[in-house]
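Below is data38.txt, holding compact mmCIF, C-alpha atoms.
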```
# COMPACT_ATOMS: atom_id res chain seq x y z
CA MET A 1 -11.47 15.59 -9.60
CA ALA A 2 -12.66 12.03 -10.22
CA ILE A 3 -10.83 10.50 -7.22
CA GLN A 4 -11.18 12.58 -4.06
CA SER A 5 -9.53 10.26 -1.54
CA ASP A 6 -5.90 9.25 -1.06
CA PHE A 7 -5.59 6.10 1.05
CA HIS A 8 -1.87 5.47 1.22
CA MET A 9 0.46 8.12 2.63
CA HIS A 10 3.19 8.59 5.22
CA SER A 11 4.08 11.52 7.46
CA THR A 12 7.20 11.82 9.61
CA TYR A 13 5.77 9.17 11.93
CA SER A 14 7.26 6.88 9.28
CA GLY A 15 11.05 6.96 9.32
CA ASP A 16 11.40 7.30 5.55
CA ALA A 17 8.96 10.22 5.15
CA GLN A 18 9.74 13.92 4.87
CA SER A 19 6.60 15.95 5.69
CA SER A 20 4.75 16.49 8.94
CA MET A 21 1.17 15.37 9.38
CA GLU A 22 -0.12 18.93 9.18
CA GLU A 23 1.88 19.62 6.02
CA MET A 24 0.31 16.55 4.42
CA ILE A 25 -3.18 17.63 5.48
CA SER A 26 -2.73 21.18 4.20
CA GLU A 27 -1.52 19.92 0.83
CA ALA A 28 -4.42 17.49 0.55
CA ILE A 29 -6.90 20.30 1.23
CA ASN A 30 -5.19 22.55 -1.31
CA LYS A 31 -5.51 19.79 -3.91
CA GLY A 32 -9.22 19.37 -3.24
CA PHE A 33 -9.23 16.02 -1.44
CA LYS A 34 -12.22 15.24 0.75
CA HIS A 35 -10.83 12.21 2.59
CA ILE A 36 -7.28 11.01 3.23
CA CYS A 37 -5.91 8.20 5.35
CA PHE A 38 -2.48 8.13 6.96
CA THR A 39 -0.98 4.65 6.70
CA GLU A 40 2.22 4.89 8.71
CA HIS A 41 4.76 2.08 8.53
CA GLN A 42 4.76 -0.66 11.15
CA ASP A 43 7.29 -3.31 10.08
CA ILE A 44 7.75 -5.59 13.06
CA GLY A 45 11.08 -7.42 12.86
CA PHE A 46 12.43 -5.26 10.03
CA PRO A 47 16.05 -6.36 9.27
CA TYR A 48 17.84 -3.02 9.46
CA LYS A 49 21.13 -2.94 7.57
CA ASP A 50 22.42 0.33 9.01
CA GLU A 51 22.54 1.14 12.71
CA SER A 52 21.39 4.69 11.96
CA GLU A 53 18.12 3.37 10.51
CA VAL A 54 17.09 1.23 13.49
CA GLY A 55 13.57 2.11 14.55
CA ASP A 56 12.59 3.85 11.30
CA PHE A 57 9.76 1.38 10.73
CA ASP A 58 8.74 0.89 14.38
CA LEU A 59 5.67 3.08 14.77
CA ASN A 60 4.99 5.10 17.92
CA THR A 61 1.28 4.51 17.49
CA ASP A 62 0.16 6.33 20.62
CA SER A 63 1.89 9.56 19.58
CA TYR A 64 0.64 9.18 16.01
CA LEU A 65 -2.96 8.74 17.14
CA TYR A 66 -2.73 11.61 19.64
CA GLU A 67 -1.67 14.07 16.93
CA LEU A 68 -4.19 12.69 14.44
CA LEU A 69 -7.05 13.25 16.87
CA GLY A 70 -5.91 16.85 17.31
CA MET A 71 -5.75 17.33 13.54
CA ARG A 72 -9.24 15.85 13.16
CA ALA A 73 -10.62 18.43 15.56
CA LYS A 74 -8.75 21.25 13.84
CA TYR A 75 -9.75 20.33 10.27
CA GLU A 76 -13.09 18.55 10.81
CA ASP A 77 -15.00 21.00 8.60
CA ARG A 78 -12.48 20.78 5.74
CA ILE A 79 -11.35 17.16 5.33
CA LYS A 80 -11.92 13.67 6.77
CA LEU A 81 -8.79 12.09 8.25
CA GLY A 82 -8.38 8.33 8.55
CA PHE A 83 -6.32 6.44 11.13
CA GLY A 84 -4.51 3.76 9.16
CA VAL A 85 -1.40 1.63 9.22
CA GLU A 86 0.71 -0.24 6.69
CA LEU A 87 1.75 -3.55 8.20
CA GLY A 88 4.97 -4.93 6.77
CA MET A 89 4.32 -8.67 6.87
CA GLN A 90 6.83 -11.42 7.55
CA LYS A 91 5.82 -14.98 8.34
CA GLU A 92 7.92 -15.02 11.51
CA TYR A 93 5.82 -12.19 12.97
CA PHE A 94 2.21 -13.14 12.21
CA ARG A 95 1.34 -13.35 15.91
CA GLU A 96 2.91 -10.00 16.78
CA ASN A 97 1.15 -8.33 13.86
CA ALA A 98 -2.18 -9.88 14.81
CA ILE A 99 -1.86 -8.62 18.39
CA TYR A 100 -0.84 -5.16 17.19
CA ALA A 101 -3.71 -4.90 14.69
CA LYS A 102 -6.21 -5.64 17.47
CA SER A 103 -4.63 -3.15 19.89
CA PHE A 104 -5.91 0.01 18.17
CA GLU A 105 -9.18 1.04 16.56
CA PHE A 106 -7.82 1.57 13.08
CA ASP A 107 -9.95 2.79 10.21
CA PHE A 108 -7.86 0.95 7.66
CA ILE A 109 -5.05 -1.63 7.52
CA ILE A 110 -2.81 -2.24 4.52
CA PHE A 111 -1.04 -5.61 4.28
CA SER A 112 2.32 -5.18 2.50
CA CYS A 113 5.32 -7.40 1.91
CA HIS A 114 8.52 -5.36 1.96
CA ILE A 115 10.76 -8.19 3.16
CA VAL A 116 11.05 -11.52 1.32
CA ASN A 117 12.44 -14.39 3.36
CA GLY A 118 14.57 -11.95 5.33
CA LYS A 119 15.73 -9.97 2.28
CA ASP A 120 14.65 -6.53 1.06
CA PRO A 121 14.10 -6.13 -2.72
CA TYR A 122 14.99 -2.46 -2.24
CA TYR A 123 18.66 -3.52 -2.20
CA PRO A 124 20.38 -4.79 -5.39
CA GLU A 125 21.70 -7.90 -3.64
CA TYR A 126 18.17 -9.31 -3.52
CA PHE A 127 18.38 -9.78 -7.29
CA GLU A 128 22.06 -10.72 -7.53
CA GLY A 129 23.20 -14.22 -8.49
CA ARG A 130 19.95 -15.27 -10.14
CA SER A 131 17.59 -14.30 -12.89
CA GLU A 132 15.17 -11.43 -12.45
CA GLU A 133 12.29 -13.87 -13.01
CA GLU A 134 13.51 -16.16 -10.24
CA ALA A 135 13.76 -13.22 -7.83
CA LEU A 136 10.28 -11.94 -8.67
CA ARG A 137 8.81 -15.43 -8.41
CA GLU A 138 10.21 -15.69 -4.89
CA TYR A 139 8.63 -12.33 -4.09
CA PHE A 140 5.16 -13.28 -5.40
CA THR A 141 5.34 -16.69 -3.72
CA CYS A 142 6.14 -15.00 -0.41
CA ILE A 143 3.05 -12.78 -0.77
CA ALA A 144 0.88 -15.77 -1.71
CA ASP A 145 2.01 -17.70 1.37
CA ASN A 146 1.72 -14.76 3.76
CA VAL A 147 -1.69 -13.52 2.62
CA LYS A 148 -3.08 -17.02 2.98
CA GLN A 149 -2.09 -17.15 6.65
CA PHE A 150 -2.95 -13.63 7.90
CA ASP A 151 -6.45 -12.23 8.13
CA ASN A 152 -6.53 -8.89 9.97
CA PHE A 153 -6.16 -6.46 7.09
CA ASP A 154 -8.36 -4.60 4.60
CA ILE A 155 -6.36 -4.39 1.39
CA LEU A 156 -3.17 -5.85 -0.07
CA GLY A 157 -0.72 -3.05 -0.79
CA HIS A 158 1.31 -2.52 -4.00
CA LEU A 159 1.12 -6.17 -5.06
CA ASP A 160 4.10 -5.95 -7.44
CA TYR A 161 6.21 -3.61 -5.30
CA ALA A 162 9.47 -5.49 -5.95
CA VAL A 163 9.32 -4.56 -9.64
CA ARG A 164 10.26 -0.99 -8.64
CA TYR A 165 13.75 -2.22 -7.79
CA ALA A 166 14.31 -4.97 -10.35
CA PRO A 167 17.44 -4.51 -12.48
CA GLU A 168 15.36 -3.91 -15.62
CA LYS A 169 12.39 -2.36 -13.74
CA ASP A 170 9.29 -3.44 -15.68
CA LYS A 171 10.99 -3.83 -19.07
CA ASN A 172 10.58 -7.63 -18.96
CA TYR A 173 7.71 -7.78 -16.50
CA ASN A 174 4.05 -8.46 -17.15
CA TYR A 175 1.16 -10.16 -15.38
CA PHE A 176 0.97 -13.09 -17.78
CA LYS A 177 4.55 -14.17 -17.00
CA TYR A 178 3.62 -14.69 -13.34
CA ARG A 179 -0.08 -15.43 -13.76
CA ASP A 180 0.06 -18.77 -11.93
CA ILE A 181 1.17 -17.13 -8.66
CA ILE A 182 -0.60 -13.79 -9.03
CA ASP A 183 -3.96 -15.47 -9.63
CA ARG A 184 -3.42 -17.45 -6.43
CA ILE A 185 -2.83 -14.20 -4.54
CA LEU A 186 -5.91 -12.53 -6.00
CA GLU A 187 -8.13 -15.54 -5.34
CA THR A 188 -7.02 -15.65 -1.70
CA VAL A 189 -7.66 -11.93 -1.24
CA ILE A 190 -11.14 -12.27 -2.74
CA ASP A 191 -11.97 -15.40 -0.73
CA LYS A 192 -11.07 -13.53 2.47
CA GLY A 193 -13.35 -10.62 1.54
CA LYS A 194 -10.39 -8.25 1.30
CA GLY A 195 -9.28 -5.85 -1.43
CA ILE A 196 -6.31 -4.49 -3.33
CA GLU A 197 -5.04 -0.99 -3.91
CA ILE A 198 -3.98 1.01 -6.93
CA ASN A 199 -0.67 2.55 -5.89
CA THR A 200 0.82 5.27 -8.10
CA ALA A 201 4.30 5.46 -6.56
CA GLY A 202 5.99 3.23 -9.14
CA ILE A 203 5.41 5.67 -11.99
CA ARG A 204 6.66 8.55 -9.86
CA GLY A 205 10.43 8.56 -9.80
CA LYS A 206 10.79 4.85 -10.57
CA ASP A 207 10.05 5.23 -14.29
CA LEU A 208 7.59 2.34 -14.41
CA LYS A 209 5.08 2.24 -17.24
CA ASP A 210 2.05 1.40 -15.12
CA VAL A 211 0.54 1.62 -11.65
CA HIS A 212 0.97 -0.98 -8.86
CA PRO A 213 -0.32 -3.52 -9.57
CA THR A 214 -0.44 -3.29 -13.33
CA THR A 215 -3.70 -2.61 -15.14
CA ASP A 216 -3.74 -6.22 -16.37
CA ILE A 217 -3.68 -7.44 -12.77
CA ILE A 218 -6.43 -5.01 -11.75
CA LYS A 219 -8.50 -6.25 -14.68
CA ARG A 220 -7.90 -9.86 -13.65
CA TYR A 221 -8.91 -9.03 -10.06
CA LYS A 222 -12.21 -7.69 -11.41
CA GLU A 223 -12.70 -10.78 -13.63
CA LEU A 224 -12.20 -13.07 -10.63
CA GLY A 225 -14.90 -11.22 -8.69
CA GLY A 226 -12.83 -8.66 -6.78
CA GLU A 227 -14.81 -5.61 -5.70
CA ILE A 228 -12.84 -3.74 -3.03
CA ILE A 229 -10.24 -1.34 -4.41
CA THR A 230 -8.62 1.76 -2.92
CA VAL A 231 -6.36 4.37 -4.49
CA GLY A 232 -3.18 5.65 -2.86
CA SER A 233 -0.23 7.79 -3.85
CA ASP A 234 2.11 6.21 -1.28
CA ALA A 235 3.26 9.80 -0.71
CA HIS A 236 6.21 10.28 1.64
CA LYS A 237 6.16 14.06 1.20
CA ALA A 238 3.31 16.53 0.86
CA GLY A 239 3.87 17.35 -2.79
CA ASP A 240 3.25 13.75 -3.85
CA ILE A 241 -0.27 13.48 -2.45
CA GLY A 242 -2.62 12.46 -5.25
CA ALA A 243 0.22 12.29 -7.76
CA ASP A 244 -0.66 10.49 -11.02
CA PHE A 245 -4.25 9.83 -9.96
CA ASP A 246 -5.22 10.38 -13.58
CA ARG A 247 -3.36 7.13 -14.27
CA ALA A 248 -5.20 5.42 -11.43
CA TYR A 249 -8.49 6.61 -12.91
CA ASP A 250 -7.51 5.21 -16.32
CA ALA A 251 -6.59 1.87 -14.75
CA LEU A 252 -9.91 1.67 -12.90
CA LYS A 253 -11.91 2.41 -16.02
CA THR A 254 -9.89 0.06 -18.22
CA ALA A 255 -10.38 -2.74 -15.71
CA GLY A 256 -14.14 -2.14 -15.65
CA PHE A 257 -14.50 -0.43 -12.27
CA GLU A 258 -17.03 2.36 -11.89
CA TYR A 259 -16.01 3.20 -8.33
CA TYR A 260 -13.19 3.24 -5.79
CA CYS A 261 -13.35 2.54 -2.05
CA THR A 262 -12.56 4.32 1.21
CA PHE A 263 -12.62 2.89 4.72
CA GLU A 264 -13.86 4.09 8.10
CA ASN A 265 -13.91 1.84 11.17
CA ARG A 266 -12.66 -0.96 8.88
CA ILE A 267 -15.83 -0.76 6.75
CA ALA A 268 -15.61 -0.06 3.01
CA SER A 269 -17.60 2.68 1.28
CA TYR A 270 -17.94 2.82 -2.51
CA HIS A 271 -17.59 6.07 -4.48
CA LYS A 272 -18.64 6.40 -8.10
CA ILE A 273 -16.10 7.84 -10.53
```

Using structure tokens, write down the structure from this file.
Amino acid sequence: MAIQSDFHMHSTYSGDAQSSMEEMISEAINKGFKHICFTEHQDIGFPYKDESEVGDFDLNTDSYLYELLGMRAKYEDRIKLGFGVELGMQKEYFRENAIYAKSFEFDFIIFSCHIVNGKDPYYPEYFEGRSEEEALREYFTCIADNVKQFDNFDILGHLDYAVRYAPEKDKNYNYFKYRDIIDRILETVIDKGKGIEINTAGIRGKDLKDVHPTTDIIKRYKELGGEIITVGSDAHKAGDIGADFDRAYDALKTAGFEYYCTFENRIASYHKI
């Protein structure tokens, strides 16, 4: 297996996930992974639409860490387990996110934008009443503004996440259409010494043609001098761990990468593919 680490996954400590931590670990071992990192959701200020969902993205970090430490002891001779988090970033909560990120000794922090100016692209109304291009431009602009102002993270997650839920998916989408904003995002990430991820969730169940972000964006990141890149399935159930990593491998190679990264104690390690 060319890629032996999965650095984006969620157990039931994330409200939208289906498998326990131990189920995720067992599946990762069965699939031959050497290193995985849990990246549970922490979306401070998430605008819940349904009362039944309140708290789904508010992470009980103490409980999560307690179980993870127990799993590390149990499986220490079989797999390395990372303590990570996926921060859902909104400009109104930079301070709260900064305080939270400093409150725990994470191995790895993903910066993600799930909410755009108070709206969630997951719901069709985000795209209603305007063109798909206008909606996606708002999304990319939000990322560009947020990533410029927040520093305590390691990689930018699923850069073109909103495309998963666009009315036409990626039928009309490509990097070159949004190059002006995407280049600004990539340049900021590189200037800060941070990285991006290859996320395979979009081609699993969302019928997208390519990984997140697209291979053209990954190639552009490399051209601009980007070096730090992780690979994650964004699995929310055990069976999806490592799914479509052959596509991630192809994207890495096409973009000119000879390695992928893992993190421990917030420090990147490079692994040849």

Mind giving me the straight-line distance from atom CA of Tyr260 of chain A to atom CA of Phe7 of chain A in Å, one decimal?
10.6 Å

Quick one, how far is atom CA of Tyr122 of chain A from atom CA of Pro167 of chain A?
10.7 Å

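Take atom CA of Ser269 of chain A and atom CA of Gly195 of chain A: the distance between them is 12.2 Å.
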
For segment 150-156 of chain A: contacts at 10 Å, all atoms listed in the file, fewer than 2 positions along chain excluded, given as JSON, numbers by chain
{"A": [85, 86, 87, 89, 91, 94, 95, 97, 98, 99, 100, 101, 102, 107, 108, 109, 110, 111, 112, 113, 143, 145, 146, 147, 148, 158, 159, 185, 186, 189, 192, 193, 194, 195, 196, 197, 198, 228, 229, 230, 263, 266, 267, 268]}

With distances taken over only C-alpha atoms, which of A:Glu132, A:Asp62, A:Asp210, A:Asp16 is nearest to Phe106 of chain A?
A:Asp62

Nearest residue to Asn30 of chain A from the set A:Leu59, A:Ile241, A:Ile273, A:Leu136 (distances using all atoms listed in the file)
A:Ile241

Edge lengths and centre in Å to one decimal, as JSON, is what I'm after for the box along x, y and z that holds all listed atoms of segment 73-84 of chain A once 3 Å is added on each side.
```
{"center_x": -9.8, "center_y": 12.5, "center_z": 10.4, "size_x": 16.5, "size_y": 23.5, "size_z": 16.2}
```

Can you find the residues with an atom no farther than 7 Å from (15.4, -7.2, 7.6), counting only C-alpha atoms, and report them as number ranges by chain?
A: 45-48, 115, 118-120

Nearest residue to Gly232 of chain A from the set A:Thr214, A:Thr262, A:Thr188, A:Gln149 (distances using only C-alpha atoms):
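Checking each candidate against Gly232 of chain A, we get A:Thr262 as the closest.
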
Distance query 7 Å from (9.0, -0.9, 8.7) using all atoms listed in the file, result as an MDAnalysis selection string
chainID A and resid 41:44 46 56:58 88
